[in-house]
Amino acid sequence: MSFPSMADAGGRTLGAEELDALAGVLRSGMLSSVWGTEVRALEREMADRHGVSHAVATSSGTAALHCAVAAVAPDPGDEIITSPISDFGTVAPILAQNAVPVFADVDADTGNLDPASVAAAIGPRTKAILAVHLFGAAVDLRAVAEAAGVPLIEDCAQAWLARYPDGRLVGTAGAIGCFSLQQWKHITCGDGGLAITEDAALARRMRLFADKGWPRDEARRHVGLGLNYRMTELAGAVARAQLAKLPGVLADRRRTAARLHAALADLPGVRLPADVDAHAWWLFPIVLDPPLTNDRVAATLTAAGIPARAGYLDQPLHHAPALTDAPVYGSSRFPLTVPPADREPAYGPGTCPVAERLIDQTLLVIDWNERYTDDHVDEIARAVRAAVTA
């Protein structure tokens, strides 16, 4: 059986609406969002969908996170606590602002940050917490951030329209919520990002940072350091059409995920996400109990034609050579190593043992898609049962 993939048209919701939107931009002759209308409209629609006052469009999800980190203004050497299970785009913005990533450990069932581990990681130089809503499940770090008196940045790249247990949408609970429109996300314009906030000052800082520190509403002068992270009108037009389809995408993913969840609920040795209806189901994660191992189960599923992977990452972020031993700026490891004290954060094996165990032994992920049918789900269920009970 062939499974729809986000890498091809059969696994995407791209269609006539996106083509019409692109044609409209091309006919207008204005492809820049500085003077165009599509990106500004996308920002309004994104803010309205999440019930917040401000949204800032960027050229990628990583750029959105970089704008967010820049907006909370860490000093060189300040620390930002985040997850060891995520894309490097979560960590790169921290380093780019000369801040230090500090990794807290994760929950063994979800892979999301463990609030107790985050609380234990807070120190005198903690500037923010960057929470990752992994695979589409919300992690609630509001109380930890509030107790520490630091802003909470939410990385919602995998969690469009996911909800907290109290029903609140992810991205709206912290100071800033960041989203990705990259090819593999729920909705896409190839590459793009959005950051949302209720704070007008943070919104302005992000908008300035995304446009070379240039206050377009004032004059051609540069009021602070900024980069060019602007989204184009072509990307904005596609993103608008995709945003309108987002509720349907989530409904389809949740319906089929609920079917697989029910089919596997009684299977010994597997642990499934707890709340089907609040989850965004970017991937379908399964945690295995010993003696099951993710590499063997994934190999069996792959041989059966199921799009499954062991561990999600080859290694957790705190094992990445970019953090453990590679230069950061020039030949130096600043801000990770600061002479003369040579203060260096703890990275490498043993520093986040739960995350390491998930990646190496217990976490299995199955690709998920809004185009899956009941037959696709039933085939996955049969294969998982066979692999686990073999």
# chains A, B, ... in the order shown; residues from 1 in each chain; ligands from 1

$ select_by_dssp --residues "stretch 195-269 of chain A" --states "alpha helix (DSSP H)" --output "PyMOL selection string"
chain A and resi 200-209+233-264

$ select_by_dssp --residues "stretch 45-129 of chain A" --states "strand (DSSP E or B)" --output "PyMOL selection string"
chain A and resi 54-58+79-82+100-103+106+113+126-129

$ residues_around --residues "stretch 236-246 of chain A" --least-positions-apart "3" --cutoff "7 Å" --atoms "only C-alpha atoms" --output "list in words"
Glu17, Glu18, Ala21, Leu22, Glu38, Val39, Leu42, Ile187, Thr188, Cys189, Met231, Thr232, Glu233, Val249 and Leu250 of chain A

$ write_last_selection --atoms "all heavy atoms" --output "compact mmCIF listing (two decimals), in the first residue's frame"
# COMPACT_ATOMS: atom_id res chain seq x y z
N GLU A 17 -6.87 27.03 -4.98
CA GLU A 17 -6.85 28.25 -4.18
C GLU A 17 -5.45 28.87 -4.16
O GLU A 17 -5.29 30.09 -4.29
CB GLU A 17 -7.32 27.97 -2.75
CG GLU A 17 -8.76 27.45 -2.66
CD GLU A 17 -8.88 25.96 -2.87
OE1 GLU A 17 -7.85 25.29 -3.16
OE2 GLU A 17 -10.01 25.45 -2.74
N GLU A 18 -4.45 28.02 -4.00
CA GLU A 18 -3.07 28.51 -3.98
C GLU A 18 -2.65 29.03 -5.36
O GLU A 18 -1.97 30.06 -5.47
CB GLU A 18 -2.12 27.40 -3.52
CG GLU A 18 -2.22 27.06 -2.04
CD GLU A 18 -3.41 26.19 -1.69
OE1 GLU A 18 -4.10 25.70 -2.62
OE2 GLU A 18 -3.68 25.99 -0.49
N ALA A 21 -4.20 32.39 -5.87
CA ALA A 21 -3.54 33.40 -5.04
C ALA A 21 -2.20 33.82 -5.64
O ALA A 21 -1.86 35.01 -5.68
CB ALA A 21 -3.35 32.86 -3.63
N LEU A 22 -1.44 32.84 -6.12
CA LEU A 22 -0.16 33.16 -6.75
C LEU A 22 -0.36 34.00 -8.01
O LEU A 22 0.37 34.97 -8.25
CB LEU A 22 0.57 31.87 -7.11
CG LEU A 22 1.20 31.09 -5.95
CD1 LEU A 22 1.71 29.74 -6.42
CD2 LEU A 22 2.35 31.89 -5.33
N GLU A 38 -0.57 40.82 0.70
CA GLU A 38 -0.84 39.44 1.09
C GLU A 38 -0.26 39.09 2.46
O GLU A 38 -0.93 38.48 3.30
CB GLU A 38 -0.28 38.47 0.03
CG GLU A 38 -1.03 38.49 -1.28
CD GLU A 38 -2.45 37.96 -1.15
OE1 GLU A 38 -2.67 37.02 -0.36
OE2 GLU A 38 -3.33 38.50 -1.83
N VAL A 39 0.98 39.46 2.71
CA VAL A 39 1.62 39.11 3.98
C VAL A 39 0.95 39.85 5.14
O VAL A 39 0.72 39.28 6.22
CB VAL A 39 3.13 39.39 3.93
CG1 VAL A 39 3.75 39.25 5.31
CG2 VAL A 39 3.80 38.43 2.94
N LEU A 42 -2.15 38.00 5.82
CA LEU A 42 -1.83 36.75 6.51
C LEU A 42 -1.61 37.00 8.00
O LEU A 42 -2.10 36.24 8.85
CB LEU A 42 -0.57 36.13 5.89
CG LEU A 42 0.04 34.94 6.64
CD1 LEU A 42 -0.90 33.74 6.63
CD2 LEU A 42 1.40 34.57 6.03
N ILE A 187 0.62 22.92 7.37
CA ILE A 187 0.38 23.76 6.20
C ILE A 187 1.71 24.34 5.76
O ILE A 187 2.65 24.44 6.57
CB ILE A 187 -0.64 24.88 6.48
CG1 ILE A 187 -0.21 25.75 7.66
CG2 ILE A 187 -2.03 24.29 6.74
CD1 ILE A 187 -1.11 26.95 7.92
N THR A 188 1.82 24.71 4.50
CA THR A 188 3.14 25.07 3.98
C THR A 188 3.07 26.14 2.91
O THR A 188 2.08 26.25 2.19
CB THR A 188 3.85 23.83 3.40
OG1 THR A 188 5.18 24.19 3.02
CG2 THR A 188 3.11 23.27 2.20
N CYS A 189 4.15 26.92 2.83
CA CYS A 189 4.40 27.75 1.65
C CYS A 189 5.83 27.49 1.18
O CYS A 189 6.46 28.33 0.56
CB CYS A 189 4.17 29.23 1.94
SG CYS A 189 5.23 29.93 3.21
N MET A 231 9.05 37.81 4.71
CA MET A 231 8.35 36.86 3.86
C MET A 231 7.97 37.55 2.55
O MET A 231 7.60 38.72 2.56
CB MET A 231 7.09 36.34 4.57
CG MET A 231 6.26 35.35 3.75
SD MET A 231 4.73 34.85 4.59
CE MET A 231 5.38 33.68 5.78
N THR A 232 8.03 36.84 1.44
CA THR A 232 7.61 37.41 0.17
C THR A 232 6.10 37.35 0.01
O THR A 232 5.41 36.56 0.67
CB THR A 232 8.25 36.67 -1.01
OG1 THR A 232 7.66 35.36 -1.12
CG2 THR A 232 9.76 36.56 -0.84
N GLU A 233 5.57 38.16 -0.90
CA GLU A 233 4.14 38.14 -1.20
C GLU A 233 3.70 36.80 -1.78
O GLU A 233 2.58 36.34 -1.53
CB GLU A 233 3.78 39.26 -2.18
CG GLU A 233 3.75 40.64 -1.55
CD GLU A 233 2.55 40.84 -0.65
OE1 GLU A 233 1.46 41.16 -1.14
OE2 GLU A 233 2.72 40.66 0.58
N VAL A 249 -7.46 20.29 7.86
CA VAL A 249 -6.27 19.45 7.98
C VAL A 249 -6.21 18.81 9.35
O VAL A 249 -5.98 17.61 9.50
CB VAL A 249 -5.00 20.26 7.69
CG1 VAL A 249 -3.75 19.48 8.08
CG2 VAL A 249 -4.94 20.66 6.22
N LEU A 250 -6.43 19.62 10.38
CA LEU A 250 -6.38 19.09 11.74
C LEU A 250 -7.50 18.10 12.00
O LEU A 250 -7.30 17.07 12.65
CB LEU A 250 -6.44 20.24 12.76
CG LEU A 250 -5.10 20.75 13.29
CD1 LEU A 250 -4.41 19.69 14.14
CD2 LEU A 250 -4.18 21.22 12.18

$ residues_around --residues "A:Pro321" --least-positions-apart "4" --cutoff "12 Å" --atoms "only C-alpha atoms" --output "PyMOL selection string"
chain A and resi 88+315-317+325-328+333+347-349

$ closest_atom_pairs --of "stretch 155-190 of chain A" --to "stretch 118-128 of chain A" --cutoff "12 Å" --atoms "only C-alpha atoms" --output "tab-separated table"
residue	atom	partner	partner_atom	distance
A:Gly174	CA	A:Ala128	CA	10.5
A:Ala175	CA	A:Ala128	CA	9.8
A:Ile176	CA	A:Ala128	CA	11.0

$ write_last_selection --atoms "C-alpha atoms" --output "PDB file, in the first residue's frame"
ATOM      1  CA  GLY A 174       3.490  32.476  26.640  1.00  0.00           C
ATOM      2  CA  ALA A 175       5.033  35.778  25.678  1.00  0.00           C
ATOM      3  CA  ILE A 176       5.496  34.698  22.029  1.00  0.00           C
TER       4      ILE A 176
END

$ residues_around --residues "A:Tyr329" --least-positions-apart "5" --cutoff "12 Å" --atoms "only C-alpha atoms" --output "list in words"
Leu95, Ala96, Gln97, Asn98, Ala322, Leu323, Phe334, Pro335, Leu336 and Thr337 of chain A

$ write_last_selection --atoms "C-alpha atoms" --output "PDB file, in the first residue's frame"
ATOM      1  CA  LEU A  95      23.392  30.916  19.775  1.00  0.00           C
ATOM      2  CA  ALA A  96      22.842  33.597  17.145  1.00  0.00           C
ATOM      3  CA  GLN A  97      21.957  36.053  19.923  1.00  0.00           C
ATOM      4  CA  ASN A  98      25.092  35.078  21.880  1.00  0.00           C
ATOM      5  CA  ALA A 322      27.763  22.017  16.851  1.00  0.00           C
ATOM      6  CA  LEU A 323      27.358  22.272  20.623  1.00  0.00           C
ATOM      7  CA  PHE A 334      31.833  31.860  22.570  1.00  0.00           C
ATOM      8  CA  PRO A 335      29.267  32.113  24.123  1.00  0.00           C
ATOM      9  CA  LEU A 336      29.571  28.483  25.236  1.00  0.00           C
ATOM     10  CA  THR A 337      33.123  28.896  26.546  1.00  0.00           C
TER      11      THR A 337
END

$ residues_around --residues "stretch 261-267 of chain A" --least-positions-apart "6" --cutoff "8 Å" --atoms "only C-alpha atoms" --output "PyMOL selection string"
chain A and resi 276+381+385

$ residues_around --residues "stretch 135-141 of chain A" --least-positions-apart "4" --cutoff "9 Å" --atoms "only C-alpha atoms" --output "MDAnalysis selection string"
chainID A and resid 110:115 118 129 131 145:146 152 156:165 169:170 173:174 273 275 278:285

$ closest_residue --among "A:Ala235, A:Leu363, A:Leu227, A:Ala73" --to "A:Val270" --atoms "only C-alpha atoms"
A:Leu363

$ closest_residue --among "A:Asp367, A:Asp252, A:Asp78, A:Asp105" --to "A:Thr13" --atoms "only C-alpha atoms"
A:Asp252

$ atom_distance --atom1 "atom CA of A:Val52" --atom2 "atom CA of A:Gly193"
16.5 Å

$ closest_residue --among "A:Gly11, A:Gly51, A:Gly311, A:Gly350" --to "A:Lys185" --atoms "only C-alpha atoms"
A:Gly11

$ atom_distance --atom1 "atom CA of A:Ile366" --atom2 "atom CA of A:Ile81"
27.9 Å

$ closest_residue --among "A:Ala355, A:Ala70, A:Leu181, A:Ala23" --to "A:Leu208" --atoms "only C-alpha atoms"
A:Ala70

$ closest_residue --among "A:Ile85, A:Arg205, A:Thr197, A:His319" --to "A:Val223" --atoms "only C-alpha atoms"
A:Arg205

$ closest_residue --among "A:Pro84, A:Gly36, A:Pro151, A:Gly15" --to "A:Gly177" --atoms "only C-alpha atoms"
A:Pro151

$ atom_distance --atom1 "atom CA of A:Ser33" --atom2 "atom CA of A:Ala57"
9.6 Å
